[in-house]
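Trainee: Take this structure, written in structure tokens, and hold onto it; I'll ask about it next.
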Amino acid sequence: MRAAQTWYRESQSIRGNSVEARARRIVPNPRARLKSESGRRKGVYLRLEGTAQAVIVASPADGFVIRDALKAELIIATAKSDRRRRITRGSSTHKIQRCHLRGDVYCVIARPLKPVLEGLQSR
């Protein structure tokens, strides 16, 4: 079994049944709600903005292990359900929002961290 990895580059992704996510801002997109064929709500679509992190905590998909992670400026996530936690410490600009995503979670990097972008441009 391989050791857990963290990915930083654009379009790299993780998939699992349970993911713990944290970001400076978590934005649900109500217009992009995932719906089943019958029209019922099937899942959520979230944007994790501002130094975001997503870590698999249980039931990873094939090819992934627990503690595999993504770190980026912007991560797009889809899941069956989400549970938000309130953070009471810190000022409004320094609070980190957290959520727990469950049920066939898929997260992909949409915008890498700035130092990683600069490193890619220098090559």
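Chains: A, B, ... in order of the structure tokens. Residues: from 1 per chain. Ligands: from 1, in order shown.
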Give me, as a list in words, all polymer residues having an atom no more than 6 Å from Glu73 in chain A, counting only C-alpha atoms and skipping those fewer than 6 positions away in the same chain.

Mentor: Glu49, Gly50, Thr51, Ala52, Arg111, Pro112 and Leu113 of chain A

Trainee: Which neighbours of Ser81 in chain A fall inside 9 Å, counting only C-alpha atoms, when residues of the same chain fewer than 6 positions from it are skipped, and could you give them as a PyMOL selection string?

Mentor: chain A and resi 42-44+100-103+105

Trainee: Using the selection just defined, write its residues with N, CA, C and O atoms as an mmCIF file, in the first residue's frame.

Mentor:
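Output file selection.cif is given in full below:
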```cif
data_model
loop_
_atom_site.group_PDB
_atom_site.id
_atom_site.type_symbol
_atom_site.label_atom_id
_atom_site.label_comp_id
_atom_site.auth_asym_id
_atom_site.auth_seq_id
_atom_site.Cartn_x
_atom_site.Cartn_y
_atom_site.Cartn_z
ATOM 1 N N LYS A 42 -30.179 15.455 -5.626
ATOM 2 C CA LYS A 42 -29.305 14.296 -5.584
ATOM 3 C C LYS A 42 -27.994 14.598 -4.867
ATOM 4 O O LYS A 42 -27.351 13.706 -4.334
ATOM 5 N N GLY A 43 -27.574 15.841 -4.849
ATOM 6 C CA GLY A 43 -26.305 16.180 -4.224
ATOM 7 C C GLY A 43 -26.038 17.662 -4.220
ATOM 8 O O GLY A 43 -26.885 18.466 -4.578
ATOM 9 N N VAL A 44 -24.827 18.033 -3.790
ATOM 10 C CA VAL A 44 -24.432 19.437 -3.691
ATOM 11 C C VAL A 44 -23.193 19.696 -4.543
ATOM 12 O O VAL A 44 -22.400 18.803 -4.802
ATOM 13 N N HIS A 100 -17.907 18.721 6.046
ATOM 14 C CA HIS A 100 -17.665 17.299 5.876
ATOM 15 C C HIS A 100 -18.564 16.836 4.732
ATOM 16 O O HIS A 100 -19.780 16.984 4.802
ATOM 17 N N LEU A 101 -17.954 16.308 3.679
ATOM 18 C CA LEU A 101 -18.694 15.871 2.500
ATOM 19 C C LEU A 101 -18.838 14.358 2.533
ATOM 20 O O LEU A 101 -17.874 13.652 2.817
ATOM 21 N N ARG A 102 -20.049 13.875 2.224
ATOM 22 C CA ARG A 102 -20.299 12.431 2.257
ATOM 23 C C ARG A 102 -21.023 11.970 1.009
ATOM 24 O O ARG A 102 -21.785 12.705 0.415
ATOM 25 N N GLY A 103 -20.788 10.705 0.653
ATOM 26 C CA GLY A 103 -21.533 10.075 -0.433
ATOM 27 C C GLY A 103 -20.984 10.358 -1.809
ATOM 28 O O GLY A 103 -21.352 11.341 -2.413
ATOM 29 N N VAL A 105 -17.994 11.476 -3.106
ATOM 30 C CA VAL A 105 -17.417 12.812 -3.187
ATOM 31 C C VAL A 105 -16.361 12.845 -4.293
ATOM 32 O O VAL A 105 -15.551 11.939 -4.417
#
```

Trainee: Ser59 in chain A: which residues within 12 Å, counting only C-alpha atoms, same-chain residues fewer than 5 positions away excluded, as a PDB file with all heavy atoms, in the first residue's frame?

Mentor:
```pdb
ATOM      1  N   ILE A  14      -9.396  13.967  -6.383  1.00  0.00           N
ATOM      2  CA  ILE A  14      -9.534  12.844  -5.457  1.00  0.00           C
ATOM      3  C   ILE A  14     -11.000  12.414  -5.452  1.00  0.00           C
ATOM      4  O   ILE A  14     -11.893  13.191  -5.777  1.00  0.00           O
ATOM      5  CB  ILE A  14      -9.067  13.182  -4.018  1.00  0.00           C
ATOM      6  CG1 ILE A  14      -9.832  14.384  -3.440  1.00  0.00           C
ATOM      7  CG2 ILE A  14      -7.570  13.394  -3.969  1.00  0.00           C
ATOM      8  CD1 ILE A  14      -9.527  14.656  -1.983  1.00  0.00           C
ATOM      9  N   ARG A  15     -11.217  11.168  -5.081  1.00  0.00           N
ATOM     10  CA  ARG A  15     -12.574  10.631  -5.017  1.00  0.00           C
ATOM     11  C   ARG A  15     -12.656   9.668  -3.833  1.00  0.00           C
ATOM     12  O   ARG A  15     -11.761   8.871  -3.618  1.00  0.00           O
ATOM     13  CB  ARG A  15     -12.910   9.900  -6.308  1.00  0.00           C
ATOM     14  CG  ARG A  15     -14.348   9.397  -6.367  1.00  0.00           C
ATOM     15  CD  ARG A  15     -14.618   8.647  -7.648  1.00  0.00           C
ATOM     16  NE  ARG A  15     -14.641   9.521  -8.803  1.00  0.00           N
ATOM     17  CZ  ARG A  15     -15.727  10.142  -9.252  1.00  0.00           C
ATOM     18  NH1 ARG A  15     -16.876  10.012  -8.622  1.00  0.00           N
ATOM     19  NH2 ARG A  15     -15.669  10.900 -10.323  1.00  0.00           N
ATOM     20  N   GLY A  16     -13.730   9.777  -3.088  1.00  0.00           N
ATOM     21  CA  GLY A  16     -13.946   8.895  -1.947  1.00  0.00           C
ATOM     22  C   GLY A  16     -15.369   9.021  -1.454  1.00  0.00           C
ATOM     23  O   GLY A  16     -16.178   9.747  -2.029  1.00  0.00           O
ATOM     24  N   ASN A  17     -15.662   8.317  -0.374  1.00  0.00           N
ATOM     25  CA  ASN A  17     -17.014   8.358   0.179  1.00  0.00           C
ATOM     26  C   ASN A  17     -17.147   9.401   1.276  1.00  0.00           C
ATOM     27  O   ASN A  17     -18.245   9.818   1.601  1.00  0.00           O
ATOM     28  CB  ASN A  17     -17.402   6.976   0.708  1.00  0.00           C
ATOM     29  CG  ASN A  17     -18.869   6.853   0.927  1.00  0.00           C
ATOM     30  OD1 ASN A  17     -19.667   7.424   0.184  1.00  0.00           O
ATOM     31  ND2 ASN A  17     -19.262   6.134   1.955  1.00  0.00           N
ATOM     32  N   SER A  18     -16.018   9.845   1.845  1.00  0.00           N
ATOM     33  CA  SER A  18     -16.060  10.816   2.926  1.00  0.00           C
ATOM     34  C   SER A  18     -14.820  11.710   2.851  1.00  0.00           C
ATOM     35  O   SER A  18     -13.700  11.210   2.875  1.00  0.00           O
ATOM     36  CB  SER A  18     -16.115  10.082   4.267  1.00  0.00           C
ATOM     37  OG  SER A  18     -16.279  10.983   5.312  1.00  0.00           O
ATOM     38  N   VAL A  19     -15.035  13.012   2.750  1.00  0.00           N
ATOM     39  CA  VAL A  19     -13.942  13.975   2.622  1.00  0.00           C
ATOM     40  C   VAL A  19     -14.147  15.108   3.610  1.00  0.00           C
ATOM     41  O   VAL A  19     -15.250  15.632   3.744  1.00  0.00           O
ATOM     42  CB  VAL A  19     -13.858  14.531   1.177  1.00  0.00           C
ATOM     43  CG1 VAL A  19     -12.899  15.696   1.094  1.00  0.00           C
ATOM     44  CG2 VAL A  19     -13.474  13.448   0.200  1.00  0.00           C
ATOM     45  N   PHE A  64      -6.741   5.487  -4.578  1.00  0.00           N
ATOM     46  CA  PHE A  64      -6.503   6.484  -3.539  1.00  0.00           C
ATOM     47  C   PHE A  64      -6.399   5.790  -2.189  1.00  0.00           C
ATOM     48  O   PHE A  64      -6.849   4.661  -2.025  1.00  0.00           O
ATOM     49  CB  PHE A  64      -7.646   7.512  -3.485  1.00  0.00           C
ATOM     50  CG  PHE A  64      -7.795   8.294  -4.758  1.00  0.00           C
ATOM     51  CD1 PHE A  64      -8.797   7.995  -5.657  1.00  0.00           C
ATOM     52  CD2 PHE A  64      -6.915   9.319  -5.062  1.00  0.00           C
ATOM     53  CE1 PHE A  64      -8.935   8.706  -6.835  1.00  0.00           C
ATOM     54  CE2 PHE A  64      -7.048  10.045  -6.236  1.00  0.00           C
ATOM     55  CZ  PHE A  64      -8.060   9.728  -7.122  1.00  0.00           C
ATOM     56  N   VAL A  65      -5.805   6.468  -1.213  1.00  0.00           N
ATOM     57  CA  VAL A  65      -5.724   5.959   0.157  1.00  0.00           C
ATOM     58  C   VAL A  65      -6.240   7.038   1.102  1.00  0.00           C
ATOM     59  O   VAL A  65      -6.360   8.209   0.724  1.00  0.00           O
ATOM     60  CB  VAL A  65      -4.277   5.556   0.546  1.00  0.00           C
ATOM     61  CG1 VAL A  65      -3.787   4.404  -0.292  1.00  0.00           C
ATOM     62  CG2 VAL A  65      -3.324   6.722   0.456  1.00  0.00           C
ATOM     63  N   ILE A  66      -6.545   6.656   2.331  1.00  0.00           N
ATOM     64  CA  ILE A  66      -6.989   7.616   3.343  1.00  0.00           C
ATOM     65  C   ILE A  66      -5.859   8.621   3.579  1.00  0.00           C
ATOM     66  O   ILE A  66      -4.695   8.256   3.614  1.00  0.00           O
ATOM     67  CB  ILE A  66      -7.398   6.895   4.638  1.00  0.00           C
ATOM     68  CG1 ILE A  66      -8.655   6.070   4.379  1.00  0.00           C
ATOM     69  CG2 ILE A  66      -7.615   7.870   5.785  1.00  0.00           C
ATOM     70  CD1 ILE A  66      -9.102   5.222   5.538  1.00  0.00           C
ATOM     71  N   ARG A  67      -6.199   9.871   3.738  1.00  0.00           N
ATOM     72  CA  ARG A  67      -5.317  11.025   3.923  1.00  0.00           C
ATOM     73  C   ARG A  67      -4.741  11.559   2.621  1.00  0.00           C
ATOM     74  O   ARG A  67      -3.888  12.433   2.658  1.00  0.00           O
ATOM     75  CB  ARG A  67      -4.225  10.736   4.952  1.00  0.00           C
ATOM     76  CG  ARG A  67      -4.750  10.592   6.368  1.00  0.00           C
ATOM     77  CD  ARG A  67      -3.673  10.578   7.410  1.00  0.00           C
ATOM     78  NE  ARG A  67      -2.578   9.669   7.170  1.00  0.00           N
ATOM     79  CZ  ARG A  67      -2.542   8.375   7.514  1.00  0.00           C
ATOM     80  NH1 ARG A  67      -3.575   7.855   8.122  1.00  0.00           N
ATOM     81  NH2 ARG A  67      -1.497   7.633   7.263  1.00  0.00           N
ATOM     82  N   ASP A  68      -5.161  11.050   1.451  1.00  0.00           N
ATOM     83  CA  ASP A  68      -4.816  11.713   0.195  1.00  0.00           C
ATOM     84  C   ASP A  68      -5.492  13.077   0.221  1.00  0.00           C
ATOM     85  O   ASP A  68      -6.616  13.204   0.715  1.00  0.00           O
ATOM     86  CB  ASP A  68      -5.322  10.921  -1.013  1.00  0.00           C
ATOM     87  CG  ASP A  68      -4.327   9.876  -1.480  1.00  0.00           C
ATOM     88  OD1 ASP A  68      -3.194   9.859  -0.974  1.00  0.00           O
ATOM     89  OD2 ASP A  68      -4.684   9.079  -2.357  1.00  0.00           O
ATOM     90  N   ARG A 102     -20.049  13.875   2.224  1.00  0.00           N
ATOM     91  CA  ARG A 102     -20.299  12.431   2.257  1.00  0.00           C
ATOM     92  C   ARG A 102     -21.023  11.970   1.009  1.00  0.00           C
ATOM     93  O   ARG A 102     -21.785  12.705   0.415  1.00  0.00           O
ATOM     94  CB  ARG A 102     -21.173  12.077   3.462  1.00  0.00           C
ATOM     95  CG  ARG A 102     -20.470  12.199   4.756  1.00  0.00           C
ATOM     96  CD  ARG A 102     -21.309  11.637   5.848  1.00  0.00           C
ATOM     97  NE  ARG A 102     -20.540  11.701   7.085  1.00  0.00           N
ATOM     98  CZ  ARG A 102     -20.998  11.361   8.236  1.00  0.00           C
ATOM     99  NH1 ARG A 102     -22.230  10.945   8.352  1.00  0.00           N
ATOM    100  NH2 ARG A 102     -20.252  11.433   9.296  1.00  0.00           N
ATOM    101  N   GLY A 103     -20.788  10.705   0.653  1.00  0.00           N
ATOM    102  CA  GLY A 103     -21.533  10.075  -0.433  1.00  0.00           C
ATOM    103  C   GLY A 103     -20.984  10.358  -1.809  1.00  0.00           C
ATOM    104  O   GLY A 103     -21.352  11.341  -2.413  1.00  0.00           O
ATOM    105  N   ASP A 104     -20.085   9.546  -2.299  1.00  0.00           N
ATOM    106  CA  ASP A 104     -19.500   9.662  -3.633  1.00  0.00           C
ATOM    107  C   ASP A 104     -18.985  11.075  -3.888  1.00  0.00           C
ATOM    108  O   ASP A 104     -19.447  11.785  -4.764  1.00  0.00           O
ATOM    109  CB  ASP A 104     -20.495   9.248  -4.716  1.00  0.00           C
ATOM    110  CG  ASP A 104     -19.817   9.039  -6.063  1.00  0.00           C
ATOM    111  OD1 ASP A 104     -18.610   8.750  -6.072  1.00  0.00           O
ATOM    112  OD2 ASP A 104     -20.484   9.202  -7.088  1.00  0.00           O
ATOM    113  N   VAL A 105     -17.994  11.476  -3.106  1.00  0.00           N
ATOM    114  CA  VAL A 105     -17.417  12.812  -3.187  1.00  0.00           C
ATOM    115  C   VAL A 105     -16.361  12.845  -4.293  1.00  0.00           C
ATOM    116  O   VAL A 105     -15.551  11.939  -4.417  1.00  0.00           O
ATOM    117  CB  VAL A 105     -16.762  13.196  -1.848  1.00  0.00           C
ATOM    118  CG1 VAL A 105     -16.164  14.590  -1.918  1.00  0.00           C
ATOM    119  CG2 VAL A 105     -17.761  13.098  -0.719  1.00  0.00           C
TER     120      VAL A 105
END
```

Trainee: Report as a PDB file with N, CA and C atoms, in the first residue's frame all protein, DNA and RNA residues lying within 9 Å of Arg9 in chain A, evaluated on only C-alpha atoms, omitting residues in the same chain fewer than 3 positions from it.

Mentor:
```pdb
ATOM      1  N   GLN A  12      -5.973  17.972 -11.080  1.00  0.00           N
ATOM      2  CA  GLN A  12      -5.778  16.754 -10.304  1.00  0.00           C
ATOM      3  C   GLN A  12      -6.956  16.608  -9.356  1.00  0.00           C
ATOM      4  N   LEU A  70      -5.893  17.377  -1.513  1.00  0.00           N
ATOM      5  CA  LEU A  70      -5.708  18.423  -2.516  1.00  0.00           C
ATOM      6  C   LEU A  70      -5.512  19.730  -1.769  1.00  0.00           C
ATOM      7  N   LYS A  71      -4.595  20.573  -2.254  1.00  0.00           N
ATOM      8  CA  LYS A  71      -4.436  21.922  -1.716  1.00  0.00           C
ATOM      9  C   LYS A  71      -4.364  22.865  -2.898  1.00  0.00           C
ATOM     10  N   ALA A  72      -5.193  23.920  -2.878  1.00  0.00           N
ATOM     11  CA  ALA A  72      -5.262  24.845  -4.015  1.00  0.00           C
ATOM     12  C   ALA A  72      -5.955  26.138  -3.615  1.00  0.00           C
ATOM     13  N   ILE A 109      -9.031  20.240  -8.584  1.00  0.00           N
ATOM     14  CA  ILE A 109      -8.390  21.547  -8.475  1.00  0.00           C
ATOM     15  C   ILE A 109      -8.751  22.382  -9.703  1.00  0.00           C
ATOM     16  N   ALA A 110      -9.327  23.555  -9.474  1.00  0.00           N
ATOM     17  CA  ALA A 110      -9.675  24.463 -10.562  1.00  0.00           C
ATOM     18  C   ALA A 110      -8.616  25.567 -10.718  1.00  0.00           C
ATOM     19  N   ARG A 111      -7.986  25.968  -9.609  1.00  0.00           N
ATOM     20  CA  ARG A 111      -6.934  26.983  -9.652  1.00  0.00           C
ATOM     21  C   ARG A 111      -5.875  26.607  -8.617  1.00  0.00           C
ATOM     22  N   PRO A 112      -4.636  26.306  -9.055  1.00  0.00           N
ATOM     23  CA  PRO A 112      -3.597  25.911  -8.104  1.00  0.00           C
ATOM     24  C   PRO A 112      -3.149  27.065  -7.211  1.00  0.00           C
ATOM     25  N   LEU A 113      -2.374  26.731  -6.175  1.00  0.00           N
ATOM     26  CA  LEU A 113      -1.787  27.762  -5.315  1.00  0.00           C
ATOM     27  C   LEU A 113      -0.840  28.639  -6.125  1.00  0.00           C
ATOM     28  N   VAL A 116       2.807  27.473  -6.737  1.00  0.00           N
ATOM     29  CA  VAL A 116       2.865  26.365  -7.679  1.00  0.00           C
ATOM     30  C   VAL A 116       2.721  26.904  -9.103  1.00  0.00           C
ATOM     31  N   LEU A 117       1.818  27.870  -9.305  1.00  0.00           N
ATOM     32  CA  LEU A 117       1.671  28.499 -10.626  1.00  0.00           C
ATOM     33  C   LEU A 117       2.976  29.154 -11.079  1.00  0.00           C
TER      34      LEU A 117
END
```

Trainee: Counting only C-alpha atoms, which of A:Ala4, A:Leu74, A:Ala79, A:Ile96 gets nearest to Val108 in chain A?

Mentor: A:Leu74

Trainee: My list of candidates is A:Arg84, A:Gln5, A:Pro28, A:Ser11. Which is closest to Cys107 in chain A when distances are computed with only C-alpha atoms?

Mentor: A:Ser11

Trainee: I want to know what sits within 6 Å of Ala54 in chain A, based on only C-alpha atoms, with residues of the same chain fewer than 5 positions away left out; could you give that as a list of chain:residue names?

Mentor: A:Glu20, A:Ala21, A:Ala69, A:Leu70

Trainee: Okay, now the selection with all heavy atoms, as a CSV table (one decimal), in the first residue's frame?

Mentor:
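Produced file again-v2.csv, reproduced below:
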```csv
chain,number,residue,atom,x,y,z
A,20,GLU,N,-13.1,15.5,4.3
A,20,GLU,CA,-13.1,16.6,5.2
A,20,GLU,C,-12.5,17.8,4.4
A,20,GLU,O,-11.4,17.7,3.9
A,20,GLU,CB,-12.3,16.3,6.4
A,20,GLU,CG,-12.3,17.3,7.5
A,20,GLU,CD,-13.7,17.3,8.3
A,20,GLU,OE1,-14.3,16.2,8.5
A,20,GLU,OE2,-14.2,18.4,8.6
A,21,ALA,N,-13.2,18.9,4.3
A,21,ALA,CA,-12.8,20.1,3.6
A,21,ALA,C,-12.7,21.3,4.4
A,21,ALA,O,-13.5,21.5,5.3
A,21,ALA,CB,-13.7,20.3,2.4
A,69,ALA,N,-4.8,14.1,-0.3
A,69,ALA,CA,-5.3,15.5,-0.2
A,69,ALA,C,-5.1,16.3,-1.4
A,69,ALA,O,-4.2,16.0,-2.2
A,69,ALA,CB,-4.7,16.1,1.0
A,70,LEU,N,-5.9,17.4,-1.5
A,70,LEU,CA,-5.7,18.4,-2.5
A,70,LEU,C,-5.5,19.7,-1.8
A,70,LEU,O,-6.2,20.0,-0.8
A,70,LEU,CB,-6.9,18.6,-3.4
A,70,LEU,CG,-7.4,17.4,-4.3
A,70,LEU,CD1,-8.7,17.8,-5.0
A,70,LEU,CD2,-6.3,17.0,-5.2
```
